[in-house]
Amino acid sequence: MRLGVTVLLAVLAASLCAPVHSAPVRGGTLNIAIDADPPSLDPHKTPSSGIPHSLLYNTLVTVDRQTGAFIPSLADSWTIAEGGKVITFKLHPGVKFHDGTPFTSQAVKATLDRLTAPATGAPGASWIGPLDRVEAPDDLTVRLVFKQPYAPIFSSLRIPFLAMLSPAAIAKYGKDYGQEPVGTGPFKFRQWIPGDRIALDRNPDYAWGAKFYQNHGAPYVDSVVLHIIPDESTRSIAFERGDLDILPTAPPKDVARLRQMGRYQVFQTPDDGGLYLGLNVTKPLLSDVRVRQALGYGINRDEVVNYALERLAVPMDSPVAPTIWGYAKGLTHAFHYDPDRARRLLTEAGWKPGPDGILQKGGRPLAFTVWTYPRETYVRMAVVLQTELKKIGVRMSIEQMEVATLLARTPKGEHDALLIGYGWPDADILYYFFHSSRMATTNRVHFSNAEVDRLLEAGRVTVDPQKRLAVYRDLQELLLEQAPWIPLASQISVTFAQSRVRDLAEDKFGTLLLDDAYLVK
Amino acid sequence: MHRYLAQRLLQLVPVLLGVSILVFLMIHLVPGDPAQVLLQDYGSSEQIAAFRHALGLDRPLPVQYGTFVWRLLHGDLGRSIHSGRPVAAEIAARLPYTLRLAACAMAVAVALGVALGTLAALHHRRFVDYGSMVVALAGISLPSFWFGLVLILAFSYYLRWLPAAGADSAASIVLPGVTLGAEAASIIARLTRSSLLEILHQEYIRTARAKGAGAARTIFRHAFKNALIPVLSIAGLQFAGLLGGAVIIETVFGWPGVGRLAIDAIFNRDLPMVQGVVLVAAVIFVVVNLMVDLLYGLLDPRIRYS
């Protein structure tokens with residue numbers, strides 16, 4: 001009898017704790033906060049794509065929600081031929097743009113031709129690689145022909161930069177496509193009040209969502225309103241007041257408090273990127289590889305994560321963040337915290353303690369200045385690094401600089417070091433940071449190494465994934481040994497949602513997935 | 001009068017010319033390249049060069065400026081480098097928000113400032129006087145972003161009376177309006193107090209009182225008219241200052257005005273947009289000053305323009 005009561009109670013308790021899965025409800029508006037206006041809703045006119053783009057548009061391929069593997073989206077299947085130089089896509093039939101025109105191979109051709117035309121000036125144009133031409137043998141077949149194999153192509157194809165545009169709308173709106181965006185996505189454009197909001201309505205024809213969704217039709221919610229709120233404290237308060245349903249990428253300083261309140265759903269996604277200390281290897285002081293390595297061993301990454309990043313990060317042991325395709329585990333040259341080794345390396349390099357505790361050589365102190373953006377997280381990180389490096393006798397000064405100034409001054413090599421971050425889902429991003437041909441632009445550490453160049457080039461043309469992974473492993477080892485970058489940490493983004501939002505999800509890369517989402521009262 | 005008006009409006013031409021040259025030079029002196037910010041450098045060098053060429057950024061500065069003026073004379077402010085949208089359309093969409101905010105702030109500033117200043121003057125050297133002036137001092141000293149956040153916390157978060165951000169409802173303007181108007185209110189309060197104190201000691205006020213005019217009639221009919229002339233002048237200048245202050249307030253409250261537009265444009269080195277916003281602000285500044293001058297004439301019949 002007593003056992004029976006216990007079992008009954010246990011079953012009752014279990015049923016109370018289990019999530020309630022009700023049938024999805026149609027209707028309502030999802031209010032979501034974003035921090036800034038996108039430069040444009042035209043994917044060919046924006047250097048960064050975000051939530052509005054991923055709701056308005058579809059790409060040829062997408063990624064599986066759990067595994068991150070490439071899966072069909074607007075393309076049902078694909079074949080790769082001629083060693084990766086030709087990729088043939090079979091398109092999903094019956095897809096319509098928001099303007100009612102059909103999505104066909106001609107649309108793919110028109111989109112990619114516009115993307116690559118120099119007159120367009122598309123910031124995302126380089127992500128398509130050495131594309132030679134697009135062929136459209138029939139309405140549902142499209143062939144991308146490259147001048148040489150371009151292995152990172154699938155990572156690019158899933159990014160909204162390469163989303164599919166309506167040829168009719170391109171002809172109609174031209175330069176103003178961003179004001180009247182037309183895609184094939186689950187939501188269509190209604191209104192954009194710059195600085196205030198972007199309003200989207202459900203696309204009633206939508207029936208081509210990715211396979212992992214439960215819902216294979218139009219979204220359940222009637223509309224999505226993206227509220228543009230630049231101040232992070234105001235964003236959090238607006239969410240807590242209940243004015244917002246979803247708070248994507250919550251300010252790190254508010255995460256612990258919001259989580260503790262226990263009434264919100266929490267989605268946590270590691271960023272596909274990282275924060276690093278980049279060292280200008282042409283500066284006499286930092287040209288000595290032993291000094292660079294010493295800085296790597298002298299920094300306790302746990303301190304960076306705990307004190308500067310509110311524990312919302314993981315220490316990074318390679319220039320490639322763990323979530324990025326190509327990350328190699330257990331690298332022999334990975335930095336770990338070893339201040340004694342750092343001091344030994346500096347002694348080997350001829351640095352001796354000075355009267356103020358800072359190392360000296362030939363009367364010159366071991367001191368350099370780091371440039372960083374005036375963002376709270378970056379500045380706090382810089383302060384932690386300053387403290388850490390002082391322990392091994394290195395003096396680091398901090399200079400804050402807004403983005404445009406830093407971008408303009410680093411190619412000239414005026415700086416000693418910089419503390420910034422990056423994000424991209426494929427290790428090919430290293431090409432931009434370390435290839436000697438990028439010296440005038442993104443190679444901000446002015447690093448040049450023939451073997452690194454060779455590996456970066458090999459990474460682009462090696463189509464076989466296993467062989468390509470091996471290339472990137474060698475590359476990461478070499479970069480850690482040469483230490484032009486001291487990798488620091490990869491942040492974790494946290495999204496909060498009110499409990500009234502049901503079946504909301506994020507993919508592995510933190511993209512909000514709204515096809516299944518619905519609102520209850 | 002018409003001649004005076006025409007003269008003043010003609011003065012706009014050299015002012016705008018000067019302002020546009022200054023802005024043009026300043027944004028070129030600061031390091032940063034709009035093409036680089038937009039392409040984030042991931043483009044190839046050729047791509048960046050092509051982009052700069054398409055925007056005319058590779059031409060000599062005098063040529064770039066000449067093109068700008070030529071277009072301006074044809075009523076074309078160009079397109080934003082960053083968003084690709086026409087500058088005039090963007091400013092036209094966002095200026096009404098800032099003007100609404102500034103007008104609301106001005107109303108708060110005048111109502112609060114004049115009331116506080118009058119109260120202080122009438123209770124000269126008493127508790128109300130000192131209390132009002134402490135409030136006014138706080139209004140000037142508190143940083144507006146902090147004051148704004150405190151108001152959000154109190155009225156939006158705890159009391160839940162007003163929204164924290166956005167411009168959806170009539171209630172949305174209250175918090176940014178009060179925050180923006182606080183500093184101007186404090187300045188107006190101090191000025192009203194000292195101006196009114198001075199007037200209250202004038203002989204004509206004594207005469208009014210001797211004639212048997214009540215306190216209210218003495219103050220509102222006789223004293224105010226003269227006391228408010230310097231206040232009006234300061235209020236006019238403050239209005240222009242409010243447009244500047246709006247930059248911070250608009251960011252804190254997510255208000256979609258031109259202040260934020262200007263700041264973003266500066267960060268993005270979006271020259272056509274910066275030029276457009278600054279020119280519009282200069283026009284507003286000059287026009288507001290002109291209106292203040294004309295209002296003097298209404299308040300004080302001795303002032304005549306010819």
# chains A, B, ... in the order shown; residues from 1 in each chain; ligands from 1

call {"tool": "interface_residues", "arguments": {"of": "chain A", "to": "chain B", "cutoff": "6 Å", "atoms": "only C-alpha atoms", "output": "VMD selection string"}}
result
chain A and resid 39 to 40 47 121 123 126 195 to 196 229 to 231 238 404 to 405 408 441 to 442

call {"tool": "residues_around", "arguments": {"residues": "Leu122 of chain B", "least_positions_apart": "2", "cutoff": "12 Å", "atoms": "only C-alpha atoms", "output": "mmCIF file with C-alpha atoms, in the first residue's frame"}}
result
data_model
loop_
_atom_site.group_PDB
_atom_site.id
_atom_site.type_symbol
_atom_site.label_atom_id
_atom_site.label_comp_id
_atom_site.auth_asym_id
_atom_site.auth_seq_id
_atom_site.Cartn_x
_atom_site.Cartn_y
_atom_site.Cartn_z
ATOM 1 C CA VAL B 114 10.092 78.950 -15.120
ATOM 2 C CA ALA B 115 7.987 77.432 -12.308
ATOM 3 C CA LEU B 116 11.022 76.517 -10.243
ATOM 4 C CA GLY B 117 12.760 79.844 -10.895
ATOM 5 C CA THR B 118 9.635 81.849 -10.039
ATOM 6 C CA LEU B 119 9.099 79.852 -6.879
ATOM 7 C CA ALA B 120 12.690 80.459 -5.836
ATOM 8 C CA HIS B 124 14.111 84.542 -1.886
ATOM 9 C CA ARG B 125 16.626 83.251 0.668
ATOM 10 C CA ARG B 126 14.155 80.868 2.189
ATOM 11 C CA PHE B 127 14.012 77.082 2.190
ATOM 12 C CA VAL B 128 12.040 76.870 -1.083
ATOM 13 C CA ASP B 129 14.663 79.053 -2.783
ATOM 14 C CA TYR B 130 17.592 76.906 -1.618
ATOM 15 C CA SER B 132 14.836 74.753 -5.876
ATOM 16 C CA THR B 192 14.362 83.003 -14.287
ATOM 17 C CA ARG B 193 15.181 83.341 -10.612
ATOM 18 C CA SER B 194 17.919 85.941 -11.034
ATOM 19 C CA SER B 195 16.084 87.824 -13.757
ATOM 20 C CA LEU B 196 12.842 87.944 -11.766
ATOM 21 C CA LEU B 197 14.659 89.012 -8.585
ATOM 22 C CA GLU B 198 16.177 91.913 -10.470
ATOM 23 C CA ILE B 199 12.861 92.992 -11.934
ATOM 24 C CA LEU B 200 11.011 92.666 -8.616
ATOM 25 C CA HIS B 201 13.245 95.390 -7.217
ATOM 26 C CA ALA B 215 0.564 89.829 -6.269
ATOM 27 C CA ALA B 216 -0.470 87.616 -9.181
ATOM 28 C CA THR B 218 2.141 92.225 -10.493
ATOM 29 C CA ILE B 219 4.145 89.149 -11.247
ATOM 30 C CA ALA B 223 7.293 91.448 -13.951
#

call {"tool": "residues_around", "arguments": {"residues": "Pro102 of chain A", "least_positions_apart": "3", "cutoff": "10 Å", "atoms": "only C-alpha atoms", "output": "ChimeraX atom specification"}}
result
/A:93-99,105-107,139,166-168,184

call {"tool": "write_last_selection", "arguments": {"atoms": "N, CA and C atoms", "output": "PDB file, in the first residue's frame"}}
result
ATOM      1  N   PRO A  93      11.459  22.173 -55.935  1.00  0.00           N
ATOM      2  CA  PRO A  93      10.409  22.699 -56.811  1.00  0.00           C
ATOM      3  C   PRO A  93       9.317  23.429 -56.020  1.00  0.00           C
ATOM      4  N   GLY A  94       8.647  24.324 -56.680  1.00  0.00           N
ATOM      5  CA  GLY A  94       7.463  24.964 -56.082  1.00  0.00           C
ATOM      6  C   GLY A  94       7.759  26.109 -55.139  1.00  0.00           C
ATOM      7  N   VAL A  95       9.021  26.534 -55.082  1.00  0.00           N
ATOM      8  CA  VAL A  95       9.356  27.636 -54.180  1.00  0.00           C
ATOM      9  C   VAL A  95       9.000  28.960 -54.851  1.00  0.00           C
ATOM     10  N   LYS A  96       8.403  29.852 -54.054  1.00  0.00           N
ATOM     11  CA  LYS A  96       8.007  31.164 -54.598  1.00  0.00           C
ATOM     12  C   LYS A  96       8.638  32.283 -53.789  1.00  0.00           C
ATOM     13  N   PHE A  97       9.018  33.325 -54.477  1.00  0.00           N
ATOM     14  CA  PHE A  97       9.483  34.525 -53.775  1.00  0.00           C
ATOM     15  C   PHE A  97       8.278  35.257 -53.181  1.00  0.00           C
ATOM     16  N   HIS A  98       8.565  36.211 -52.287  1.00  0.00           N
ATOM     17  CA  HIS A  98       7.485  36.985 -51.662  1.00  0.00           C
ATOM     18  C   HIS A  98       6.692  37.794 -52.680  1.00  0.00           C
ATOM     19  N   ASP A  99       7.311  38.071 -53.845  1.00  0.00           N
ATOM     20  CA  ASP A  99       6.584  38.848 -54.865  1.00  0.00           C
ATOM     21  C   ASP A  99       5.786  37.937 -55.797  1.00  0.00           C
ATOM     22  N   SER A 105      16.464  28.224 -61.340  1.00  0.00           N
ATOM     23  CA  SER A 105      17.917  28.325 -61.525  1.00  0.00           C
ATOM     24  C   SER A 105      18.307  29.717 -62.030  1.00  0.00           C
ATOM     25  N   GLN A 106      17.402  30.358 -62.745  1.00  0.00           N
ATOM     26  CA  GLN A 106      17.692  31.713 -63.237  1.00  0.00           C
ATOM     27  C   GLN A 106      17.855  32.689 -62.073  1.00  0.00           C
ATOM     28  N   ALA A 107      17.083  32.452 -61.014  1.00  0.00           N
ATOM     29  CA  ALA A 107      17.193  33.324 -59.835  1.00  0.00           C
ATOM     30  C   ALA A 107      18.564  33.147 -59.175  1.00  0.00           C
ATOM     31  N   ASP A 139      15.285  24.679 -65.411  1.00  0.00           N
ATOM     32  CA  ASP A 139      14.721  25.506 -64.336  1.00  0.00           C
ATOM     33  C   ASP A 139      15.137  25.079 -62.937  1.00  0.00           C
ATOM     34  N   SER A 166      15.091  37.742 -55.650  1.00  0.00           N
ATOM     35  CA  SER A 166      14.161  37.638 -56.770  1.00  0.00           C
ATOM     36  C   SER A 166      14.649  38.466 -57.952  1.00  0.00           C
ATOM     37  N   PRO A 167      14.856  37.845 -59.127  1.00  0.00           N
ATOM     38  CA  PRO A 167      15.328  38.621 -60.293  1.00  0.00           C
ATOM     39  C   PRO A 167      14.339  39.734 -60.654  1.00  0.00           C
ATOM     40  N   ALA A 168      13.033  39.468 -60.497  1.00  0.00           N
ATOM     41  CA  ALA A 168      12.035  40.491 -60.835  1.00  0.00           C
ATOM     42  C   ALA A 168      12.195  41.698 -59.908  1.00  0.00           C
ATOM     43  N   THR A 184      12.678  34.368 -50.083  1.00  0.00           N
ATOM     44  CA  THR A 184      11.790  33.211 -50.084  1.00  0.00           C
ATOM     45  C   THR A 184      11.543  32.749 -48.652  1.00  0.00           C
TER      46      THR A 184
END

call {"tool": "atom_distance", "arguments": {"atom1": "atom CA of Leu175 of chain B", "atom2": "atom CA of Ala262 of chain B"}}
result
21.7 Å

call {"tool": "closest_residue", "arguments": {"among": "B:Ala111, B:Ala265, B:Ile303, B:Ala103", "to": "Leu242 of chain B", "atoms": "only C-alpha atoms"}}
result
B:Ala103

call {"tool": "closest_residue", "arguments": {"among": "A:Phe496, A:Tyr150, A:Tyr173, A:Trp208", "to": "Asp132 of chain A", "atoms": "only C-alpha atoms"}}
result
A:Tyr150

call {"tool": "atom_distance", "arguments": {"atom1": "atom CA of Ile188 of chain B", "atom2": "atom CA of Gly297 of chain B"}}
result
20.4 Å

call {"tool": "residues_around", "arguments": {"residues": "segment 451-462 of chain A", "least_positions_apart": "4", "cutoff": "9 Å", "atoms": "only C-alpha atoms", "output": "ChimeraX atom specification"}}
result
/A:83-84,148-152,427-428,430-431,434-437,467-469,471-472,474-475,478-479

call {"tool": "write_last_selection", "arguments": {"atoms": "C-alpha atoms", "output": "tab-separated table (two decimals), in the first residue's frame"}}
result
chain	number	residue	atom	x	y	z
A	83	GLY	CA	37.80	17.76	-58.16
A	84	GLY	CA	35.51	20.35	-56.62
A	148	GLN	CA	39.80	26.32	-59.03
A	149	PRO	CA	38.33	24.19	-56.25
A	150	TYR	CA	37.06	26.24	-53.33
A	151	ALA	CA	36.63	23.99	-50.33
A	152	PRO	CA	34.94	26.47	-47.93
A	427	ALA	CA	38.95	27.77	-40.63
A	428	ASP	CA	39.52	29.32	-44.05
A	430	LEU	CA	42.73	32.30	-41.23
A	431	TYR	CA	43.61	33.02	-44.86
A	434	PHE	CA	47.80	35.35	-41.97
A	435	HIS	CA	48.33	35.09	-45.74
A	436	SER	CA	51.11	37.39	-46.87
A	437	SER	CA	48.93	38.70	-49.73
A	467	LYS	CA	42.74	15.80	-45.85
A	468	ARG	CA	41.60	19.37	-45.34
A	469	LEU	CA	41.35	18.84	-41.57
A	471	VAL	CA	46.05	20.72	-43.45
A	472	TYR	CA	44.42	22.92	-40.85
A	474	ASP	CA	49.41	21.52	-39.39
A	475	LEU	CA	48.54	25.16	-39.89
A	478	LEU	CA	52.67	26.27	-37.00
A	479	LEU	CA	50.70	29.38	-36.05

call {"tool": "closest_residue", "arguments": {"among": "B:Gly244, B:Arg221, B:Leu61, B:Tyr204", "to": "Met26 of chain B", "atoms": "only C-alpha atoms"}}
result
B:Leu61

call {"tool": "residues_around", "arguments": {"residues": "Gly274 of chain A", "least_positions_apart": "6", "cutoff": "10 Å", "atoms": "only C-alpha atoms", "output": "list of chain:residue names"}}
result
A:Ala313, A:Val314, A:Pro315, A:Met316, A:Ser318, A:Pro319, A:Val320, A:Ala321, A:Pro322, A:Thr323, A:Ile324, A:Ile420, A:Gly421, A:Tyr422, A:Gly423, A:Trp424, A:Pro487, A:Leu488, A:Ala489, A:Ser490, A:Gln491, A:Ile492

call {"tool": "write_last_selection", "arguments": {"atoms": "C-alpha atoms", "output": "PDB file, in the first residue's frame"}}
result
ATOM      1  CA  ALA A 313      33.356  32.015 -22.556  1.00  0.00           C
ATOM      2  CA  VAL A 314      35.707  29.092 -22.930  1.00  0.00           C
ATOM      3  CA  PRO A 315      39.490  29.456 -22.997  1.00  0.00           C
ATOM      4  CA  MET A 316      40.778  29.138 -26.558  1.00  0.00           C
ATOM      5  CA  SER A 318      44.135  27.612 -30.982  1.00  0.00           C
ATOM      6  CA  PRO A 319      43.588  30.539 -33.340  1.00  0.00           C
ATOM      7  CA  VAL A 320      40.580  28.509 -34.516  1.00  0.00           C
ATOM      8  CA  ALA A 321      37.721  28.516 -31.997  1.00  0.00           C
ATOM      9  CA  PRO A 322      36.372  25.071 -31.011  1.00  0.00           C
ATOM     10  CA  THR A 323      33.034  25.572 -32.822  1.00  0.00           C
ATOM     11  CA  ILE A 324      34.671  26.468 -36.130  1.00  0.00           C
ATOM     12  CA  ILE A 420      39.980  42.182 -31.036  1.00  0.00           C
ATOM     13  CA  GLY A 421      37.806  39.289 -32.124  1.00  0.00           C
ATOM     14  CA  TYR A 422      36.493  37.547 -35.218  1.00  0.00           C
ATOM     15  CA  GLY A 423      33.753  35.140 -36.211  1.00  0.00           C
ATOM     16  CA  TRP A 424      33.282  32.785 -39.162  1.00  0.00           C
ATOM     17  CA  PRO A 487      44.355  33.061 -28.690  1.00  0.00           C
ATOM     18  CA  LEU A 488      42.386  34.014 -25.581  1.00  0.00           C
ATOM     19  CA  ALA A 489      38.767  32.948 -25.373  1.00  0.00           C
ATOM     20  CA  SER A 490      35.675  32.104 -27.338  1.00  0.00           C
ATOM     21  CA  GLN A 491      32.527  33.733 -25.991  1.00  0.00           C
ATOM     22  CA  ILE A 492      29.190  32.104 -25.311  1.00  0.00           C
TER      23      ILE A 492
END

call {"tool": "residues_around", "arguments": {"residues": "Leu346 of chain A", "least_positions_apart": "3", "cutoff": "12 Å", "atoms": "only C-alpha atoms", "output": "PyMOL selection string"}}
result
chain A and resi 285-286+288-298+339-343+349-353+358-361+366+392-394

call {"tool": "atom_distance", "arguments": {"atom1": "atom CA of Phe89 of chain A", "atom2": "atom CA of Thr141 of chain A"}}
result
5.8 Å

call {"tool": "residues_around", "arguments": {"residues": "Ala171 of chain A", "least_positions_apart": "5", "cutoff": "12 Å", "atoms": "only C-alpha atoms", "output": "mmCIF file with N, CA and C atoms, in the first residue's frame"}}
result
data_model
loop_
_atom_site.group_PDB
_atom_site.id
_atom_site.type_symbol
_atom_site.label_atom_id
_atom_site.label_comp_id
_atom_site.auth_asym_id
_atom_site.auth_seq_id
_atom_site.Cartn_x
_atom_site.Cartn_y
_atom_site.Cartn_z
ATOM 1 N N ALA A 107 17.083 32.452 -61.014
ATOM 2 C CA ALA A 107 17.193 33.324 -59.835
ATOM 3 C C ALA A 107 18.564 33.147 -59.175
ATOM 4 N N ALA A 110 21.004 34.938 -61.408
ATOM 5 C CA ALA A 110 20.877 36.403 -61.296
ATOM 6 C C ALA A 110 21.450 36.888 -59.955
ATOM 7 N N THR A 111 21.178 36.115 -58.881
ATOM 8 C CA THR A 111 21.667 36.514 -57.552
ATOM 9 C C THR A 111 23.190 36.505 -57.524
ATOM 10 N N ARG A 114 24.835 39.155 -59.663
ATOM 11 C CA ARG A 114 24.766 40.472 -59.024
ATOM 12 C C ARG A 114 25.786 40.572 -57.881
ATOM 13 N N LEU A 165 17.893 35.996 -54.158
ATOM 14 C CA LEU A 165 17.074 37.185 -54.394
ATOM 15 C C LEU A 165 16.191 36.982 -55.625
ATOM 16 N N SER A 166 15.091 37.742 -55.650
ATOM 17 C CA SER A 166 14.161 37.638 -56.770
ATOM 18 C C SER A 166 14.649 38.466 -57.952
ATOM 19 N N ASP A 176 17.646 50.035 -54.553
ATOM 20 C CA ASP A 176 16.765 50.159 -53.388
ATOM 21 C C ASP A 176 16.191 48.821 -52.932
ATOM 22 N N TYR A 177 16.821 47.725 -53.360
ATOM 23 C CA TYR A 177 16.352 46.389 -52.967
ATOM 24 C C TYR A 177 16.261 46.270 -51.442
ATOM 25 N N VAL A 182 12.923 41.295 -51.005
ATOM 26 C CA VAL A 182 12.073 40.182 -51.443
ATOM 27 C C VAL A 182 12.903 38.910 -51.363
#

call {"tool": "select_by_dssp", "arguments": {"residues": "segment 55-99 of chain B", "states": "alpha helix (DSSP H)", "output": "list in words"}}
result
Leu55, Leu61, Pro62, Val63, Gln64, Tyr65, Gly66, Thr67, Phe68, Val69, Trp70, Arg71, Leu72, Leu73, Val87, Ala88, Ala89, Glu90, Ile91, Ala92, Ala93, Arg94, Leu95, Pro96, Tyr97, Thr98 and Leu99 of chain B
